[in-house]
Amino acid sequence: MRIVRCTMAEFERTAALYDRAVRRLTETVNYPKWTYGVYPSAETVRAAILRRAQFLCAEGDSAVGAFVLDEDPGGEYLGVKWETELKLGEYLVLHTLAVDPAHCGQGVGRFLVNACIAYAEERGYRALRLDVVPENFPARRLYEKLGFRFAGRSDLGRGLADIPEFVLYERRTGALQRN
């Protein structure tokens, strides 16, 4: 598997992957509470590509996973009691991690999260942070297995009626441990 930072050349494949993932979630258990055609959508993929924050994981010609990785928490992270107080720019935030339904249960999610951790460490970020819907137990278990620590709960100021609060996690990187 290989990870690429998306350009508009990967737009269709990436948007289609999220489309498949959201359709499957709405047919089964929608742990992240994603809404088809709203989030994640072709427009959110386009915006993330233009910000240079959208990544795609491919295996051969198949798109098997995707995520957004940037310095923007997309909400209010300041009111959270993090293990280490860091300023914007000292940590990365993982958003919208998805695995193609045809590849679920094959270790793709673990591969994606480990790639994000390595990306943060290689670039000298002191931590990788994320927020997740409290009922998204599969994601929470994965993050905890990979060394993320619970940091608290917050509504993050996103104004989402169906998600009144998020659970926040942080994983310190080697850059922080060397300081």
# chains A, B, ... in the order shown; residues from 1 in each chain; ligands from 1
>>> residues_around(residues="Cys116 (chain A)", least_positions_apart="3", cutoff="8 Å", atoms="only C-alpha atoms", output="ChimeraX atom specification")
/A:69,94,112-113,119-120,128
>>> select_by_dssp(residues="chain A", states="helix (DSSP H, G or I)", output="VMD selection string")
chain A and resid 8 to 27 42 to 50 101 to 103 108 to 122 137 to 145 174 to 178
>>> closest_residue(among="A:Gly109, A:Tyr91, A:Gly37, A:Ala115", to="Ala16 (chain A)", atoms="only C-alpha atoms")
A:Gly37
>>> select_by_dssp(residues="chain A", states="strand (DSSP E or B)", output="mmCIF file with N, CA, C and O atoms, in the first residue's frame")
data_model
loop_
_atom_site.group_PDB
_atom_site.id
_atom_site.type_symbol
_atom_site.label_atom_id
_atom_site.label_comp_id
_atom_site.auth_asym_id
_atom_site.auth_seq_id
_atom_site.Cartn_x
_atom_site.Cartn_y
_atom_site.Cartn_z
ATOM 1 N N ARG A 2 0.409 2.259 -0.677
ATOM 2 C CA ARG A 2 1.153 3.512 -0.710
ATOM 3 C C ARG A 2 0.188 4.670 -0.463
ATOM 4 O O ARG A 2 -0.981 4.606 -0.831
ATOM 5 N N ILE A 3 0.710 5.713 0.156
ATOM 6 C CA ILE A 3 -0.094 6.900 0.458
ATOM 7 C C ILE A 3 0.403 8.041 -0.410
ATOM 8 O O ILE A 3 1.619 8.247 -0.532
ATOM 9 N N VAL A 4 -0.546 8.770 -0.993
ATOM 10 C CA VAL A 4 -0.201 9.936 -1.808
ATOM 11 C C VAL A 4 -1.017 11.130 -1.333
ATOM 12 O O VAL A 4 -2.161 10.986 -0.908
ATOM 13 N N ARG A 5 -0.377 12.285 -1.399
ATOM 14 C CA ARG A 5 -1.112 13.531 -1.161
ATOM 15 C C ARG A 5 -1.902 13.786 -2.436
ATOM 16 O O ARG A 5 -1.340 13.815 -3.527
ATOM 17 N N THR A 35 -23.047 11.956 6.794
ATOM 18 C CA THR A 35 -24.275 12.154 6.044
ATOM 19 C C THR A 35 -23.968 12.131 4.555
ATOM 20 O O THR A 35 -23.168 12.948 4.074
ATOM 21 N N TYR A 39 -21.234 15.195 4.310
ATOM 22 C CA TYR A 39 -19.904 15.032 4.883
ATOM 23 C C TYR A 39 -19.630 13.561 5.127
ATOM 24 O O TYR A 39 -20.436 12.911 5.810
ATOM 25 N N GLN A 54 -5.652 16.480 1.717
ATOM 26 C CA GLN A 54 -6.318 15.207 1.421
ATOM 27 C C GLN A 54 -5.287 14.169 0.986
ATOM 28 O O GLN A 54 -4.447 14.444 0.136
ATOM 29 N N PHE A 55 -5.375 12.979 1.577
ATOM 30 C CA PHE A 55 -4.470 11.892 1.251
ATOM 31 C C PHE A 55 -5.280 10.667 0.831
ATOM 32 O O PHE A 55 -6.405 10.464 1.301
ATOM 33 N N LEU A 56 -4.693 9.861 -0.031
ATOM 34 C CA LEU A 56 -5.322 8.655 -0.530
ATOM 35 C C LEU A 56 -4.351 7.493 -0.350
ATOM 36 O O LEU A 56 -3.146 7.640 -0.584
ATOM 37 N N CYS A 57 -4.877 6.367 0.036
ATOM 38 C CA CYS A 57 -4.088 5.144 0.139
ATOM 39 C C CYS A 57 -4.508 4.233 -0.997
ATOM 40 O O CYS A 57 -5.698 3.935 -1.165
ATOM 41 N N ALA A 58 -3.536 3.799 -1.786
ATOM 42 C CA ALA A 58 -3.820 2.948 -2.936
ATOM 43 C C ALA A 58 -3.051 1.642 -2.812
ATOM 44 O O ALA A 58 -1.951 1.594 -2.252
ATOM 45 N N GLU A 59 -3.670 0.615 -3.355
ATOM 46 C CA GLU A 59 -3.008 -0.676 -3.476
ATOM 47 C C GLU A 59 -3.208 -1.089 -4.927
ATOM 48 O O GLU A 59 -4.339 -1.364 -5.339
ATOM 49 N N SER A 62 -6.314 0.226 -6.982
ATOM 50 C CA SER A 62 -7.479 0.395 -6.108
ATOM 51 C C SER A 62 -7.235 1.430 -5.024
ATOM 52 O O SER A 62 -6.182 1.426 -4.379
ATOM 53 N N ALA A 63 -8.214 2.293 -4.810
ATOM 54 C CA ALA A 63 -8.209 3.219 -3.675
ATOM 55 C C ALA A 63 -8.765 2.451 -2.488
ATOM 56 O O ALA A 63 -9.906 1.978 -2.523
ATOM 57 N N VAL A 64 -7.964 2.286 -1.433
ATOM 58 C CA VAL A 64 -8.391 1.467 -0.298
ATOM 59 C C VAL A 64 -8.663 2.277 0.967
ATOM 60 O O VAL A 64 -9.282 1.790 1.895
ATOM 61 N N GLY A 65 -8.196 3.521 1.010
ATOM 62 C CA GLY A 65 -8.418 4.350 2.187
ATOM 63 C C GLY A 65 -8.109 5.798 1.895
ATOM 64 O O GLY A 65 -7.477 6.117 0.883
ATOM 65 N N ALA A 66 -8.575 6.665 2.776
ATOM 66 C CA ALA A 66 -8.334 8.100 2.614
ATOM 67 C C ALA A 66 -8.419 8.783 3.975
ATOM 68 O O ALA A 66 -9.027 8.251 4.913
ATOM 69 N N PHE A 67 -7.810 9.947 4.056
ATOM 70 C CA PHE A 67 -7.885 10.756 5.271
ATOM 71 C C PHE A 67 -7.481 12.183 4.945
ATOM 72 O O PHE A 67 -6.892 12.459 3.903
ATOM 73 N N VAL A 68 -7.811 13.070 5.874
ATOM 74 C CA VAL A 68 -7.396 14.466 5.803
ATOM 75 C C VAL A 68 -6.444 14.686 6.972
ATOM 76 O O VAL A 68 -6.709 14.247 8.091
ATOM 77 N N LEU A 69 -5.342 15.363 6.716
ATOM 78 C CA LEU A 69 -4.333 15.615 7.737
ATOM 79 C C LEU A 69 -3.838 17.036 7.577
ATOM 80 O O LEU A 69 -3.308 17.401 6.520
ATOM 81 N N ASP A 70 -4.043 17.849 8.612
ATOM 82 C CA ASP A 70 -3.596 19.240 8.566
ATOM 83 C C ASP A 70 -3.444 19.796 9.981
ATOM 84 O O ASP A 70 -3.570 19.057 10.953
ATOM 85 N N TYR A 91 1.152 20.665 16.330
ATOM 86 C CA TYR A 91 0.518 19.355 16.225
ATOM 87 C C TYR A 91 -0.259 19.269 14.913
ATOM 88 O O TYR A 91 -0.621 20.277 14.322
ATOM 89 N N LEU A 92 -0.484 18.038 14.487
ATOM 90 C CA LEU A 92 -1.329 17.775 13.319
ATOM 91 C C LEU A 92 -2.655 17.208 13.800
ATOM 92 O O LEU A 92 -2.731 16.621 14.888
ATOM 93 N N VAL A 93 -3.675 17.358 12.966
ATOM 94 C CA VAL A 93 -4.996 16.833 13.283
ATOM 95 C C VAL A 93 -5.427 15.883 12.167
ATOM 96 O O VAL A 93 -5.347 16.227 10.985
ATOM 97 N N LEU A 94 -5.868 14.706 12.554
ATOM 98 C CA LEU A 94 -6.363 13.692 11.634
ATOM 99 C C LEU A 94 -7.880 13.813 11.546
ATOM 100 O O LEU A 94 -8.559 13.832 12.568
ATOM 101 N N HIS A 95 -8.393 13.904 10.315
ATOM 102 C CA HIS A 95 -9.831 13.999 10.079
ATOM 103 C C HIS A 95 -10.255 12.970 9.031
ATOM 104 O O HIS A 95 -9.473 12.574 8.174
ATOM 105 N N THR A 96 -11.506 12.609 9.048
ATOM 106 C CA THR A 96 -12.205 11.930 7.951
ATOM 107 C C THR A 96 -11.486 10.677 7.452
ATOM 108 O O THR A 96 -11.390 10.441 6.258
ATOM 109 N N LEU A 97 -10.991 9.876 8.370
ATOM 110 C CA LEU A 97 -10.328 8.629 7.988
ATOM 111 C C LEU A 97 -11.391 7.630 7.536
ATOM 112 O O LEU A 97 -12.367 7.395 8.241
ATOM 113 N N ALA A 98 -11.203 7.070 6.344
ATOM 114 C CA ALA A 98 -12.156 6.102 5.794
ATOM 115 C C ALA A 98 -11.414 4.966 5.115
ATOM 116 O O ALA A 98 -10.369 5.179 4.503
ATOM 117 N N VAL A 99 -11.995 3.789 5.226
ATOM 118 C CA VAL A 99 -11.487 2.603 4.540
ATOM 119 C C VAL A 99 -12.565 2.155 3.560
ATOM 120 O O VAL A 99 -13.750 2.131 3.903
ATOM 121 N N ALA A 127 2.747 16.284 18.322
ATOM 122 C CA ALA A 127 1.635 15.383 18.622
ATOM 123 C C ALA A 127 0.731 15.266 17.398
ATOM 124 O O ALA A 127 0.764 16.101 16.494
ATOM 125 N N LEU A 128 -0.065 14.213 17.429
ATOM 126 C CA LEU A 128 -1.132 14.010 16.450
ATOM 127 C C LEU A 128 -2.421 13.950 17.262
ATOM 128 O O LEU A 128 -2.513 13.200 18.232
ATOM 129 N N ARG A 129 -3.383 14.785 16.902
ATOM 130 C CA ARG A 129 -4.648 14.857 17.628
ATOM 131 C C ARG A 129 -5.799 14.517 16.706
ATOM 132 O O ARG A 129 -5.688 14.620 15.489
ATOM 133 N N LEU A 130 -6.913 14.156 17.311
ATOM 134 C CA LEU A 130 -8.119 13.866 16.543
ATOM 135 C C LEU A 130 -9.327 13.931 17.459
ATOM 136 O O LEU A 130 -9.205 13.910 18.684
ATOM 137 N N ASP A 131 -10.491 14.029 16.821
ATOM 138 C CA ASP A 131 -11.739 13.942 17.560
ATOM 139 C C ASP A 131 -12.618 12.924 16.862
ATOM 140 O O ASP A 131 -12.513 12.712 15.659
ATOM 141 N N VAL A 132 -13.463 12.282 17.651
ATOM 142 C CA VAL A 132 -14.282 11.201 17.133
ATOM 143 C C VAL A 132 -15.642 11.225 17.835
ATOM 144 O O VAL A 132 -15.739 11.639 18.988
ATOM 145 N N ARG A 149 -4.147 8.734 23.531
ATOM 146 C CA ARG A 149 -4.683 8.852 24.886
ATOM 147 C C ARG A 149 -5.897 9.757 24.889
ATOM 148 O O ARG A 149 -5.906 10.802 24.231
ATOM 149 N N PHE A 150 -6.878 9.359 25.664
ATOM 150 C CA PHE A 150 -8.100 10.136 25.831
ATOM 151 C C PHE A 150 -7.753 11.496 26.431
ATOM 152 O O PHE A 150 -7.024 11.586 27.415
ATOM 153 N N ALA A 151 -8.268 12.566 25.826
ATOM 154 C CA ALA A 151 -7.979 13.916 26.314
ATOM 155 C C ALA A 151 -9.216 14.615 26.864
ATOM 156 O O ALA A 151 -9.094 15.650 27.498
ATOM 157 N N GLY A 152 -10.392 14.073 26.598
ATOM 158 C CA GLY A 152 -11.606 14.694 27.115
ATOM 159 C C GLY A 152 -12.717 14.701 26.091
ATOM 160 O O GLY A 152 -12.611 14.107 25.016
ATOM 161 N N ARG A 153 -13.776 15.405 26.461
ATOM 162 C CA ARG A 153 -14.951 15.549 25.603
ATOM 163 C C ARG A 153 -15.219 17.027 25.412
ATOM 164 O O ARG A 153 -15.030 17.812 26.329
ATOM 165 N N SER A 154 -15.704 17.373 24.207
ATOM 166 C CA SER A 154 -16.018 18.764 23.925
ATOM 167 C C SER A 154 -16.974 18.836 22.748
ATOM 168 O O SER A 154 -16.946 17.969 21.864
ATOM 169 N N PHE A 166 -17.787 15.612 21.103
ATOM 170 C CA PHE A 166 -16.828 14.686 20.520
ATOM 171 C C PHE A 166 -15.891 14.204 21.613
ATOM 172 O O PHE A 166 -15.700 14.866 22.626
ATOM 173 N N VAL A 167 -15.284 13.046 21.373
ATOM 174 C CA VAL A 167 -14.237 12.515 22.236
ATOM 175 C C VAL A 167 -12.919 12.855 21.559
ATOM 176 O O VAL A 167 -12.759 12.661 20.355
ATOM 177 N N LEU A 168 -11.985 13.388 22.335
ATOM 178 C CA LEU A 168 -10.711 13.825 21.774
ATOM 179 C C LEU A 168 -9.568 12.930 22.238
ATOM 180 O O LEU A 168 -9.546 12.486 23.383
ATOM 181 N N TYR A 169 -8.635 12.714 21.304
ATOM 182 C CA TYR A 169 -7.478 11.873 21.567
ATOM 183 C C TYR A 169 -6.212 12.579 21.092
ATOM 184 O O TYR A 169 -6.249 13.399 20.178
ATOM 185 N N GLU A 170 -5.112 12.190 21.735
ATOM 186 C CA GLU A 170 -3.806 12.742 21.370
ATOM 187 C C GLU A 170 -2.770 11.636 21.443
ATOM 188 O O GLU A 170 -2.801 10.782 22.334
ATOM 189 N N ARG A 171 -1.853 11.678 20.500
ATOM 190 C CA ARG A 171 -0.697 10.776 20.548
ATOM 191 C C ARG A 171 0.543 11.626 20.417
ATOM 192 O O ARG A 171 0.723 12.336 19.424
ATOM 193 N N ARG A 172 1.357 11.596 21.448
ATOM 194 C CA ARG A 172 2.613 12.339 21.407
ATOM 195 C C ARG A 172 3.535 11.671 20.402
ATOM 196 O O ARG A 172 3.510 10.462 20.230
#
>>> residues_around(residues="region 80-90 of chain A", least_positions_apart="4", cutoff="6 Å", atoms="only C-alpha atoms", output="MDAnalysis selection string")
chainID A and resid 71 125:126 151
>>> residues_around(residues="Leu25 (chain A)", least_positions_apart="3", cutoff="12 Å", atoms="only C-alpha atoms", output="mmCIF file with C-alpha atoms, in the first residue's frame")
data_model
loop_
_atom_site.group_PDB
_atom_site.id
_atom_site.type_symbol
_atom_site.label_atom_id
_atom_site.label_comp_id
_atom_site.auth_asym_id
_atom_site.auth_seq_id
_atom_site.Cartn_x
_atom_site.Cartn_y
_atom_site.Cartn_z
ATOM 1 C CA TYR A 18 -15.823 8.303 0.477
ATOM 2 C CA ASP A 19 -19.077 7.789 -1.423
ATOM 3 C CA ARG A 20 -18.773 4.002 -1.072
ATOM 4 C CA ALA A 21 -17.840 4.288 2.596
ATOM 5 C CA VAL A 22 -20.751 6.570 3.497
ATOM 6 C CA THR A 28 -25.160 -0.785 8.403
ATOM 7 C CA VAL A 29 -24.033 1.086 11.526
ATOM 8 C CA ASN A 30 -23.087 4.714 10.907
ATOM 9 C CA TYR A 31 -20.570 5.035 13.722
ATOM 10 C CA PRO A 32 -19.127 8.411 12.620
ATOM 11 C CA LYS A 33 -22.608 9.820 11.842
ATOM 12 C CA TRP A 34 -21.544 10.863 8.356
ATOM 13 C CA THR A 35 -24.275 12.154 6.044
ATOM 14 C CA TYR A 36 -24.372 11.066 2.423
ATOM 15 C CA PRO A 40 -17.674 13.689 3.608
ATOM 16 C CA ALA A 98 -12.156 6.102 5.794
ATOM 17 C CA VAL A 99 -11.487 2.603 4.540
ATOM 18 C CA ASP A 100 -13.108 1.316 1.374
ATOM 19 C CA PRO A 101 -15.815 -1.172 2.420
ATOM 20 C CA CYS A 104 -12.473 -3.417 5.847
ATOM 21 C CA ASN A 136 -17.644 5.314 17.150
#
>>> residues_around(residues="Glu121 (chain A)", least_positions_apart="3", cutoff="8 Å", atoms="only C-alpha atoms", output="list in words")
Ile117, Ala118, Gly124, Tyr125, Arg126, Thr173, Gly174 and Ala175 of chain A
>>> write_last_selection(atoms="C-alpha atoms", output="compact mmCIF listing (two decimals), in the first residue's frame")
# COMPACT_ATOMS: atom_id res chain seq x y z
CA ILE A 117 1.89 9.13 13.01
CA ALA A 118 5.03 8.68 10.90
CA GLY A 124 8.77 17.44 13.67
CA TYR A 125 5.22 17.81 14.97
CA ARG A 126 4.98 17.21 18.69
CA THR A 173 5.28 11.92 18.78
CA GLY A 174 8.98 11.27 19.04
CA ALA A 175 9.56 14.99 18.49
>>> atom_distance(atom1="CA of Arg52 (chain A)", atom2="CA of Leu17 (chain A)")
18.0 Å
>>> residues_around(residues="region 141-143 of chain A", least_positions_apart="2", cutoff="8 Å", atoms="only C-alpha atoms", output="list of chain:residue names")
A:Gly109, A:Arg110, A:Val113, A:Phe137, A:Pro138, A:Ala139, A:Lys145, A:Leu146, A:Gly147, A:Phe148, A:Tyr169
>>> residues_around(residues="Ala15 (chain A)", least_positions_apart="6", cutoff="8 Å", atoms="only C-alpha atoms", output="ChimeraX atom specification")
/A:41-42,45
>>> write_last_selection(atoms="C-alpha atoms", output="short mmCIF file (atom, residue, chain, number, x, y, z; two decimals), in the first residue's frame")
data_model
loop_
_atom_site.label_atom_id
_atom_site.label_comp_id
_atom_site.auth_asym_id
_atom_site.auth_seq_id
_atom_site.Cartn_x
_atom_site.Cartn_y
_atom_site.Cartn_z
CA SER A 41 -18.66 14.60 0.07
CA ALA A 42 -17.14 15.50 -3.28
CA VAL A 45 -12.73 16.27 -0.86
#
